[in-house]
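Novice: Questions regarding the structure given below will be posed in turn.
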2 protein chains.
Amino acid sequence: MSALPTIFAAESQPDLPLHEQLVRTLRRAILAGHLPFNSRLPASRVLALDLGVSRSTVELAFSRLEAEGYVRRQVGVGSFVAIAARANKPVVRKTAAGLSQRGQMMVEAGACRDTKLPSFAFTAGQPDTTAFPRELWGKLTQQRWKKDGQTLMRYGDPQGLPELREAIAAYLAQSRGVACDAAQILVLTSSQQALQLIAQLLIDPDDTVWLEEPGYLGARNAMLSAGAKIIPVPVDHDGLNTDISSTLSPPKLIYSTPSHQYPLGITMSLPRRITLLAQAAQHNAWIIEDDYDSEFSYDQRPLPALQGLDQAGRVIYVGTFSKVLFPGLRIAYMVLPPDLMPAFTNARSAFDGHTPQLSQVVTADFMAQGHFAAHIRQMRLLYRSRRDLLVSCLQPLASQIQPININGGLQFAVEVTAGKESAWTAAGIAQGLALRPLSQFYLGAAKKEGWLLGYASLNNIQISSAVNTLTDLILKE
Amino acid sequence: MSALPTIFAAESQPDLPLHEQLVRTLRRAILAGHLPFNSRLPASRVLALDLGVSRSTVELAFSRLEAEGYVRRQVGVGSFVAIAARANKPVVRKTAAGLSQRGQMMVEAGACRDTKLPSFAFTAGQPDTTAFPRELWGKLTQQRWKKDGQTLMRYGDPQGLPELREAIAAYLAQSRGVACDAAQILVLTSSQQALQLIAQLLIDPDDTVWLEEPGYLGARNAMLSAGAKIIPVPVDHDGLNTDISSTLSPPKLIYSTPSHQYPLGITMSLPRRITLLAQAAQHNAWIIEDDYDSEFSYDQRPLPALQGLDQAGRVIYVGTFSKVLFPGLRIAYMVLPPDLMPAFTNARSAFDGHTPQLSQVVTADFMAQGHFAAHIRQMRLLYRSRRDLLVSCLQPLASQIQPININGGLQFAVEVTAGKESAWTAAGIAQGLALRPLSQFYLGAAKKEGWLLGYASLNNIQISSAVNTLTDLILKE
């Protein structure tokens, strides 16, 4: 016991009440085996003296330890250690050893957002949050919280709030030519969650999945984590190349971004869309249509969604509010063939329950009151002007940097002088530019060298200064 | 072409501009093959007359269709259908056919929340949202939205907001004896998401998982969807029975609710905890400690968390704000051994990105300002009084209904007269009582008949009237 006072003093945690400190010291001593099973604890009076605390403090600690089962007290006899510590000595364990094969695949697939990049100039996929009607959003939120907070605080429908599903269905039918009703909408937290659900529910290990090459890392990641065999299908100026794909081994699922190919920005041509649907029919395969930012089409109306052309119910349409509203909202959705809805709703509830009801109802209000359409119109003008500025700022570098498919979105891809991508990328990142090399988006050998340049969240000064930085480091070479 | 006017009239959508209606009619006609490849469209003048619309309307429609690739126009020659519709005839597909085996398992495992039950009296796991300081929460939200909305609208750290992780780590160390720092906290949307992440990252198909019998459906569901081989380990009055488990085939993972066994409410004894840790060490297995509602321990302080006893870093602690704050918040967390954090953060970002930053920072404020501790204290008193009332109301039925382990939580389990569970459950549900039969929680043959009775969200009148309903239907028998 002589050690106890020392330990007690050494471990003293002034922020805790004395008896609590004593309880913890004794617990540790018992568990560490310093106080062996059945050994007698000193009388509370004695220990109090040893430790220089009041007897009642010791009594309090002893009864806590008795309640917890560490100590057995016999009136008139004394207090005894009631448990035998089985010291399980720390095992050094590599995470790898502990991870499942699926877990390993996910680690190797890497994160789907590159967190290492400085989140400043040229970051892709970033809307301009400063241009968002934040005050209005705050007011709508307060109103609903006051009015319906009671219900909104409870558990909600895993499929999503009916008001929001109605609003989404109406918007998609009107603006995107999607054939659906509210019953086909599943509200989620992100398109990434949509891809995970699809991978888990529709893909078995070694099922073949066609991905666009180059393509979206998040889709690759989700499919890999489901154990899919991935076949990259090259894209050309008409989008996913269905002539080549006809020669590939039959897919269970095809991932596509027909409106605005990620990362190259190509719009898939109508004949290609029709062929893709035919190939899916032939192989009885599913098609994911990831329509992540078609709202921002600057030079012409976007083609209606592939889903609208689908007469066989094989297209699963995925949309998100991260680009048209703001990423922190964490609301996205998918449009499902009706017979898939029960399984997906069930799985969503098994994944993470449901999306917070408050943000859902506020989004529904924002749409129903016309703010949504207005915001999209305004952002389309704003982002287009920024695109135009970036394009013209890049003019002087025309011999080193060529923009491709600048027709829409929050970013566009550029090609750079062959052999320069890695060197210029490193130099740019060192200068605080979020340069995302195109080579990252290829599963096979990269066919293009260049970057994905985000401009939507940059004001004019930031755009020109970013291009100046870029110019300096390229000409310095 | 003669059909066009009829189709056009039939499909008229008054809410759309005329040219938009015409575009859609022609699109459908072309895709359906009514207007074959290379067939000539009538001159806009003629069609305008046929349809009774202005010529400019037809011109507008034609140029849209040209832009979209449906129509090819040759000056002085005319307009022609530019694509060959390959009618892919609808395929009748059963969902089952489309689902992966994993998807099938998830469907068969069923949803983890029983949505069919009326969400009125006796619903389990429901905190009292009417007693929550809603106005204060609304104020904190507004303040942060005004002050930091700019940043909160952006993408956030998949591991969670540092302020919140700090607050959670401090709370767990103080109140639950969890040994951790903020770097070990992963912020999630729900404990269900924690279970899914663990299953995906640590379990491979046919890995053995020990589940408590009876036990939590959500855990079973997550493990099944990862393809785990599940072994039910019976619980007795000391919790998960480690004497029996020592004879079972070695687990890769053990799911446990030591503080308040779900659904029976048992507190796992200290010797059992130590044996469980020893068995996990012996098998090099992980342990999940699901600590879903230990904050509500009414008759004595809860035992410190199992995680605090773990010296080998095998316990993954899971906690949630759904019970102590409100379910609609959608924030939960896990405490990970440090070497697992990179893989789990990576996987979380591949699952669904991150939890909304606004609700995270408000929760952090609520905790840092002391409202959290105060709210728990108040709810503990409120819920305890409701538990006492329910127990006393059930007294007269003592020969048919015996409460077991009423020491804490938002609900307690009761045993009912043998052979009566299903009949009384049906009768009760017909009367609007959310009676959750204990048999639902068993993987094997049910050892107990009875219900899980939620009381925390019911006021005194609701409790007594619910018991009256119950009494009537039992005595009517």
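Ligands are numbered from 1 in the order shown, residues from 1 within each chain, and chains are lettered A, B, ... in the order they appear in the structure tokens.
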When you look at Ala364 in chain A with a cut-off of 7 Å (counting only C-alpha atoms), what residues show up, excluding the ones that are within fewer than 4 positions of it in the same chain? I need them as a VMD selection string.

Specialist: chain A and resid 163 to 164 167 360 368

Novice: Can you write out as JSON lines which residues of range 333-402 of chain B fall within 9 Å of range 295-298 of chain B, alongside each residue's closest atom pair and its distance in Å to one decimal, counting only C-alpha atoms and ordering rows by chain and ascending residue number?

Specialist:
```
{"residue": "B:Ile376", "atom": "CA", "partner": "B:Glu295", "partner_atom": "CA", "distance": 7.1}
{"residue": "B:Arg377", "atom": "CA", "partner": "B:Phe296", "partner_atom": "CA", "distance": 8.7}
{"residue": "B:Met379", "atom": "CA", "partner": "B:Phe296", "partner_atom": "CA", "distance": 7.9}
{"residue": "B:Arg380", "atom": "CA", "partner": "B:Phe296", "partner_atom": "CA", "distance": 5.5}
{"residue": "B:Leu381", "atom": "CA", "partner": "B:Tyr298", "partner_atom": "CA", "distance": 7.9}
{"residue": "B:Tyr383", "atom": "CA", "partner": "B:Phe296", "partner_atom": "CA", "distance": 7.9}
{"residue": "B:Arg384", "atom": "CA", "partner": "B:Tyr298", "partner_atom": "CA", "distance": 6.0}
```

Novice: Write a file of the selected residues as a tab-separated table (two decimals), in the first residue's frame, keeping all heavy atoms.

Specialist:
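Heads up, here's the output in again-v2.tsv:
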```tsv
chain	number	residue	atom	x	y	z
B	376	ILE	N	-28.73	16.97	-19.56
B	376	ILE	CA	-28.69	15.56	-19.16
B	376	ILE	C	-29.22	15.42	-17.73
B	376	ILE	O	-30.06	14.57	-17.45
B	376	ILE	CB	-27.26	14.99	-19.27
B	376	ILE	CG1	-26.86	14.88	-20.74
B	376	ILE	CG2	-27.16	13.64	-18.59
B	376	ILE	CD1	-25.45	14.36	-20.95
B	377	ARG	N	-28.74	16.30	-16.82
B	377	ARG	CA	-29.21	16.22	-15.43
B	377	ARG	C	-30.72	16.33	-15.37
B	377	ARG	O	-31.40	15.52	-14.75
B	377	ARG	CB	-28.57	17.33	-14.59
B	377	ARG	CG	-27.21	16.97	-14.01
B	377	ARG	CD	-26.81	17.95	-12.91
B	377	ARG	NE	-26.83	19.35	-13.37
B	377	ARG	CZ	-25.80	19.92	-14.02
B	377	ARG	NH1	-24.72	19.21	-14.29
B	377	ARG	NH2	-25.86	21.17	-14.41
B	379	MET	N	-33.01	15.85	-17.75
B	379	MET	CA	-33.71	14.73	-18.38
B	379	MET	C	-33.63	13.48	-17.51
B	379	MET	O	-34.57	12.71	-17.43
B	379	MET	CB	-33.14	14.44	-19.77
B	379	MET	CG	-33.41	15.54	-20.80
B	379	MET	SD	-35.18	15.93	-20.96
B	379	MET	CE	-35.25	17.46	-19.99
B	380	ARG	N	-32.49	13.34	-16.81
B	380	ARG	CA	-32.35	12.15	-15.95
B	380	ARG	C	-33.45	12.16	-14.89
B	380	ARG	O	-34.12	11.15	-14.66
B	380	ARG	CB	-30.97	12.12	-15.31
B	380	ARG	CG	-30.60	10.76	-14.71
B	380	ARG	CD	-29.23	10.80	-14.06
B	380	ARG	NE	-28.14	10.88	-15.01
B	380	ARG	CZ	-27.16	11.79	-14.96
B	380	ARG	NH1	-27.18	12.71	-14.01
B	380	ARG	NH2	-26.19	11.79	-15.85
B	381	LEU	N	-33.68	13.34	-14.29
B	381	LEU	CA	-34.73	13.44	-13.28
B	381	LEU	C	-36.11	13.19	-13.90
B	381	LEU	O	-36.91	12.42	-13.39
B	381	LEU	CB	-34.69	14.83	-12.63
B	381	LEU	CG	-33.45	15.12	-11.79
B	381	LEU	CD1	-33.46	16.57	-11.30
B	381	LEU	CD2	-33.39	14.15	-10.61
B	383	TYR	N	-36.99	11.65	-16.74
B	383	TYR	CA	-37.21	10.28	-17.21
B	383	TYR	C	-37.33	9.32	-16.04
B	383	TYR	O	-38.11	8.37	-16.08
B	383	TYR	CB	-36.08	9.84	-18.15
B	383	TYR	CG	-35.96	10.64	-19.43
B	383	TYR	CD1	-34.79	10.62	-20.18
B	383	TYR	CD2	-37.03	11.43	-19.90
B	383	TYR	CE1	-34.66	11.35	-21.36
B	383	TYR	CE2	-36.91	12.16	-21.08
B	383	TYR	CZ	-35.73	12.13	-21.80
B	383	TYR	OH	-35.61	12.85	-22.96
B	384	ARG	N	-36.56	9.58	-14.98
B	384	ARG	CA	-36.66	8.68	-13.83
B	384	ARG	C	-38.07	8.72	-13.25
B	384	ARG	O	-38.68	7.70	-12.96
B	384	ARG	CB	-35.65	9.04	-12.74
B	384	ARG	CG	-35.67	8.04	-11.58
B	384	ARG	CD	-34.58	8.31	-10.57
B	384	ARG	NE	-34.75	9.62	-9.92
B	384	ARG	CZ	-33.81	10.19	-9.15
B	384	ARG	NH1	-32.66	9.56	-8.95
B	384	ARG	NH2	-34.01	11.36	-8.60
```

Novice: With distances taken over only C-alpha atoms, which residue among A:Ala29, A:Ala347, A:Ala182, A:Ala305 lies nearest Ala222 in chain B?

Specialist: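 Nearest to Ala222 in chain B: A:Ala347.
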
Novice: Quick check for you: according to DSSP on this backbone, which residues of range 26-219 of chain A are classed as strand (DSSP E)? Reply as a ChimeraX atom specification.

Specialist: /A:40-41,71-74,78-81,185-188,208-213

Novice: Skip Ile30 in chain A itself and residues of its chain fewer than 5 positions away, then list as an MDAnalysis selection string all residues within 10 Å of it, counting only C-alpha atoms.

Specialist: chainID A and resid 24:25 35:37 39 70:71 81:85

Novice: For the selection you just gave me, I'd like the residues written to a file as a compact mmCIF listing (two decimals), in the first residue's frame, keeping all heavy atoms.

Specialist:
```
# COMPACT_ATOMS: atom_id res chain seq x y z
N ARG A 24 -10.23 6.72 -9.06
CA ARG A 24 -9.49 6.38 -10.28
C ARG A 24 -8.14 5.75 -9.95
O ARG A 24 -7.72 4.77 -10.56
CB ARG A 24 -9.31 7.64 -11.14
CG ARG A 24 -10.65 8.17 -11.63
CD ARG A 24 -10.51 9.33 -12.59
NE ARG A 24 -11.86 9.77 -13.02
CZ ARG A 24 -12.09 10.49 -14.12
NH1 ARG A 24 -11.09 10.86 -14.89
NH2 ARG A 24 -13.32 10.86 -14.44
N THR A 25 -7.47 6.33 -8.94
CA THR A 25 -6.17 5.77 -8.56
C THR A 25 -6.32 4.32 -8.13
O THR A 25 -5.59 3.43 -8.58
CB THR A 25 -5.56 6.59 -7.39
OG1 THR A 25 -5.53 7.96 -7.76
CG2 THR A 25 -4.15 6.12 -7.09
N LEU A 35 -2.76 -4.04 -6.50
CA LEU A 35 -3.56 -4.50 -5.36
C LEU A 35 -4.18 -5.84 -5.75
O LEU A 35 -5.21 -5.87 -6.43
CB LEU A 35 -4.64 -3.49 -5.02
CG LEU A 35 -4.17 -2.07 -4.69
CD1 LEU A 35 -5.36 -1.14 -4.49
CD2 LEU A 35 -3.30 -2.10 -3.45
N PRO A 36 -3.55 -6.96 -5.36
CA PRO A 36 -4.01 -8.26 -5.86
C PRO A 36 -5.39 -8.66 -5.32
O PRO A 36 -5.87 -8.10 -4.34
CB PRO A 36 -2.93 -9.23 -5.36
CG PRO A 36 -2.10 -8.50 -4.40
CD PRO A 36 -2.40 -7.04 -4.48
N PHE A 37 -5.99 -9.64 -6.00
CA PHE A 37 -7.30 -10.18 -5.64
C PHE A 37 -7.30 -10.57 -4.16
O PHE A 37 -6.34 -11.15 -3.66
CB PHE A 37 -7.59 -11.40 -6.53
CG PHE A 37 -8.92 -12.03 -6.26
CD1 PHE A 37 -10.08 -11.27 -6.27
CD2 PHE A 37 -9.01 -13.40 -6.02
CE1 PHE A 37 -11.32 -11.87 -6.04
CE2 PHE A 37 -10.24 -14.00 -5.78
CZ PHE A 37 -11.39 -13.23 -5.79
N SER A 39 -6.71 -9.00 -1.60
CA SER A 39 -5.86 -8.28 -0.63
C SER A 39 -6.73 -7.27 0.11
O SER A 39 -7.71 -6.74 -0.42
CB SER A 39 -4.74 -7.56 -1.39
OG SER A 39 -5.29 -6.57 -2.23
N TYR A 70 -15.36 -3.39 -7.68
CA TYR A 70 -13.91 -3.51 -7.50
C TYR A 70 -13.56 -3.98 -6.08
O TYR A 70 -12.54 -4.61 -5.86
CB TYR A 70 -13.21 -2.17 -7.76
CG TYR A 70 -13.11 -1.78 -9.21
CD1 TYR A 70 -14.14 -1.13 -9.85
CD2 TYR A 70 -11.95 -2.07 -9.94
CE1 TYR A 70 -14.06 -0.76 -11.18
CE2 TYR A 70 -11.85 -1.71 -11.27
CZ TYR A 70 -12.92 -1.05 -11.88
OH TYR A 70 -12.81 -0.71 -13.20
N VAL A 71 -14.43 -3.58 -5.15
CA VAL A 71 -14.10 -3.80 -3.73
C VAL A 71 -15.28 -4.50 -3.04
O VAL A 71 -16.44 -4.25 -3.35
CB VAL A 71 -13.83 -2.44 -3.05
CG1 VAL A 71 -13.78 -2.59 -1.53
CG2 VAL A 71 -12.52 -1.84 -3.57
N VAL A 81 -9.99 -6.34 -2.09
CA VAL A 81 -10.06 -6.26 -3.56
C VAL A 81 -10.91 -7.42 -4.07
O VAL A 81 -10.67 -8.57 -3.71
CB VAL A 81 -8.64 -6.34 -4.17
CG1 VAL A 81 -8.73 -6.38 -5.69
CG2 VAL A 81 -7.81 -5.15 -3.71
N ALA A 82 -11.94 -7.10 -4.87
CA ALA A 82 -12.94 -8.11 -5.23
C ALA A 82 -12.70 -8.74 -6.58
O ALA A 82 -13.39 -9.66 -6.98
CB ALA A 82 -14.34 -7.49 -5.19
N ILE A 83 -11.74 -8.22 -7.35
CA ILE A 83 -11.53 -8.80 -8.68
C ILE A 83 -10.07 -9.11 -8.91
O ILE A 83 -9.18 -8.47 -8.33
CB ILE A 83 -12.00 -7.84 -9.81
CG1 ILE A 83 -11.14 -6.57 -9.77
CG2 ILE A 83 -13.47 -7.53 -9.68
CD1 ILE A 83 -11.12 -5.86 -11.10
N ALA A 84 -9.86 -10.13 -9.75
CA ALA A 84 -8.49 -10.49 -10.12
C ALA A 84 -8.18 -9.84 -11.45
O ALA A 84 -8.85 -10.10 -12.45
CB ALA A 84 -8.37 -12.01 -10.24
N ALA A 85 -7.20 -8.97 -11.47
CA ALA A 85 -6.83 -8.30 -12.72
C ALA A 85 -6.14 -9.31 -13.61
O ALA A 85 -5.19 -9.97 -13.18
CB ALA A 85 -5.92 -7.12 -12.43
```

Novice: Compile the contact shell of range 232-247 of chain A as an mmCIF file with N, CA, C and O atoms, in the first residue's frame: residues with an atom at most 6 Å away, counting only C-alpha atoms, same-chain residues fewer than 3 positions apart removed.

Specialist:
```cif
data_model
loop_
_atom_site.group_PDB
_atom_site.id
_atom_site.type_symbol
_atom_site.label_atom_id
_atom_site.label_comp_id
_atom_site.auth_asym_id
_atom_site.auth_seq_id
_atom_site.Cartn_x
_atom_site.Cartn_y
_atom_site.Cartn_z
ATOM 1 N N TRP A 210 -18.350 -0.685 -65.801
ATOM 2 C CA TRP A 210 -17.709 0.219 -66.748
ATOM 3 C C TRP A 210 -17.608 1.598 -66.117
ATOM 4 O O TRP A 210 -18.604 2.152 -65.631
ATOM 5 N N LEU A 211 -16.406 2.160 -66.094
ATOM 6 C CA LEU A 211 -16.211 3.546 -65.645
ATOM 7 C C LEU A 211 -15.671 4.360 -66.807
ATOM 8 O O LEU A 211 -14.924 3.844 -67.639
ATOM 9 N N GLU A 212 -16.058 5.653 -66.846
ATOM 10 C CA GLU A 212 -15.476 6.538 -67.849
ATOM 11 C C GLU A 212 -13.979 6.695 -67.584
ATOM 12 O O GLU A 212 -13.555 6.775 -66.442
ATOM 13 N N GLU A 213 -13.178 6.738 -68.654
ATOM 14 C CA GLU A 213 -11.734 6.942 -68.547
ATOM 15 C C GLU A 213 -11.321 8.147 -69.379
ATOM 16 O O GLU A 213 -11.481 8.103 -70.609
ATOM 17 N N ILE A 266 -17.071 16.965 -71.405
ATOM 18 C CA ILE A 266 -17.748 16.643 -72.674
ATOM 19 C C ILE A 266 -19.237 16.408 -72.432
ATOM 20 O O ILE A 266 -19.626 15.874 -71.404
ATOM 21 N N MET A 268 -22.266 14.180 -73.708
ATOM 22 C CA MET A 268 -22.438 12.948 -74.486
ATOM 23 C C MET A 268 -23.470 13.191 -75.577
ATOM 24 O O MET A 268 -24.550 13.731 -75.325
ATOM 25 N N SER A 269 -23.126 12.796 -76.811
ATOM 26 C CA SER A 269 -24.028 13.070 -77.945
ATOM 27 C C SER A 269 -25.269 12.183 -77.866
ATOM 28 O O SER A 269 -25.251 11.131 -77.221
#
```

Novice: Find the spatial neighbours of Ala427 in chain A, counting only C-alpha atoms, within a cut-off of 12 Å - ignore same-chain residues fewer than 2 positions away - and output them as number ranges by chain.

Specialist: A: 420-425, 429-435, 469-477

Novice: Would you pick out the contacts of Ile463 in chain B at 9 Å or less, using only C-alpha atoms, so that residues sharing its chain but fewer than 5 positions from it are not included, and give the list as a JSON list (two decimals) with N, CA, C and O atoms, in the first residue's frame?

Specialist:
```json
[["chain", "number", "residue", "atom", "x", "y", "z"],
["B", 121, "ALA", "N", -47.62, 5.57, -28.00],
["B", 121, "ALA", "CA", -47.22, 5.11, -26.67],
["B", 121, "ALA", "C", -46.25, 3.93, -26.73],
["B", 121, "ALA", "O", -46.42, 3.01, -27.52],
["B", 122, "PHE", "N", -45.25, 3.97, -25.84],
["B", 122, "PHE", "CA", -44.30, 2.87, -25.62],
["B", 122, "PHE", "C", -43.24, 2.72, -26.71],
["B", 122, "PHE", "O", -42.45, 1.78, -26.68],
["B", 386, "ARG", "N", -40.74, 9.35, -14.80],
["B", 386, "ARG", "CA", -41.65, 8.65, -15.71],
["B", 386, "ARG", "C", -41.47, 7.14, -15.59],
["B", 386, "ARG", "O", -42.44, 6.40, -15.63],
["B", 389, "LEU", "N", -43.31, 6.15, -12.52],
["B", 389, "LEU", "CA", -44.76, 6.14, -12.75],
["B", 389, "LEU", "C", -45.16, 4.88, -13.52],
["B", 389, "LEU", "O", -46.09, 4.17, -13.12],
["B", 390, "LEU", "N", -44.42, 4.57, -14.59],
["B", 390, "LEU", "CA", -44.78, 3.40, -15.40],
["B", 390, "LEU", "C", -44.71, 2.13, -14.55],
["B", 390, "LEU", "O", -45.62, 1.31, -14.57],
["B", 393, "CYS", "N", -47.70, 2.09, -12.29],
["B", 393, "CYS", "CA", -48.93, 1.83, -13.05],
["B", 393, "CYS", "C", -49.05, 0.35, -13.42],
["B", 393, "CYS", "O", -50.15, -0.19, -13.52],
["B", 455, "TYR", "N", -40.80, 4.92, -22.34],
["B", 455, "TYR", "CA", -41.59, 5.83, -21.49],
["B", 455, "TYR", "C", -41.05, 7.25, -21.52],
["B", 455, "TYR", "O", -41.76, 8.21, -21.22],
["B", 458, "LEU", "N", -43.10, 10.05, -23.02],
["B", 458, "LEU", "CA", -44.51, 10.12, -22.64],
["B", 458, "LEU", "C", -44.69, 10.92, -21.36],
["B", 458, "LEU", "O", -43.97, 10.70, -20.38],
["B", 468, "ASN", "N", -53.63, 1.90, -19.06],
["B", 468, "ASN", "CA", -55.06, 1.54, -19.01],
["B", 468, "ASN", "C", -55.45, 0.74, -20.24],
["B", 468, "ASN", "O", -56.08, -0.32, -20.13]]
```

Novice: Residues at most 10 Å from Arg72 in chain A, counting only C-alpha atoms, excluding those fewer than 4 positions away in the same chain, as an MDAnalysis selection string?

Specialist: chainID A and resid 38 40:41 62:63 65:68 78:83

Novice: Compare A:Gly313, A:Gly160, A:Gly428, A:Pro17 by their minimum atom-to-atom distance to chain B, counting only C-alpha atoms, and give me the closest one.

Specialist: A:Gly313

Novice: Can you work out the spacing between CA of Val414 in chain A and CA of Tyr292 in chain A in Å, to one decimal?

Specialist: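 Atom-to-atom, CA of Val414 in chain A to CA of Tyr292 in chain A, that is 19.7 Å.
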
Novice: Looking at only C-alpha atoms, which of A:Leu277, A:Leu248, A:Leu186, A:Leu22 is the one that sits closest to chain B?

Specialist: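 Going through A:Leu277, A:Leu248, A:Leu186, A:Leu22 one by one, the smallest distance to chain B is for A:Leu277.
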
Novice: Among range 196-430 of chain B, which residues does DSSP mark as alpha helix (DSSP H) when it is run on the backbone? Keep the chain and numbering as in the structure and answer as a PyMOL selection string.

Specialist: chain B and resi 196-202+217-225+242-245+270-283+306-309+341-352+357-368+371-394+421-430

Novice: Please determine, counting only C-alpha atoms, which residue among A:Thr123, A:Gln184, A:Ile203, A:Pro133 has the shortest atom-to-atom distance to Ala413 in chain A.

Specialist: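 With only C-alpha atoms as the atom set, the closest residue is A:Thr123.
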
Novice: Between CA of Gln126 in chain B and CA of Ser464 in chain B, measure the distance and give it in Å to one decimal.

Specialist: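 Separation between CA of Gln126 in chain B and CA of Ser464 in chain B: 17.6 Å.
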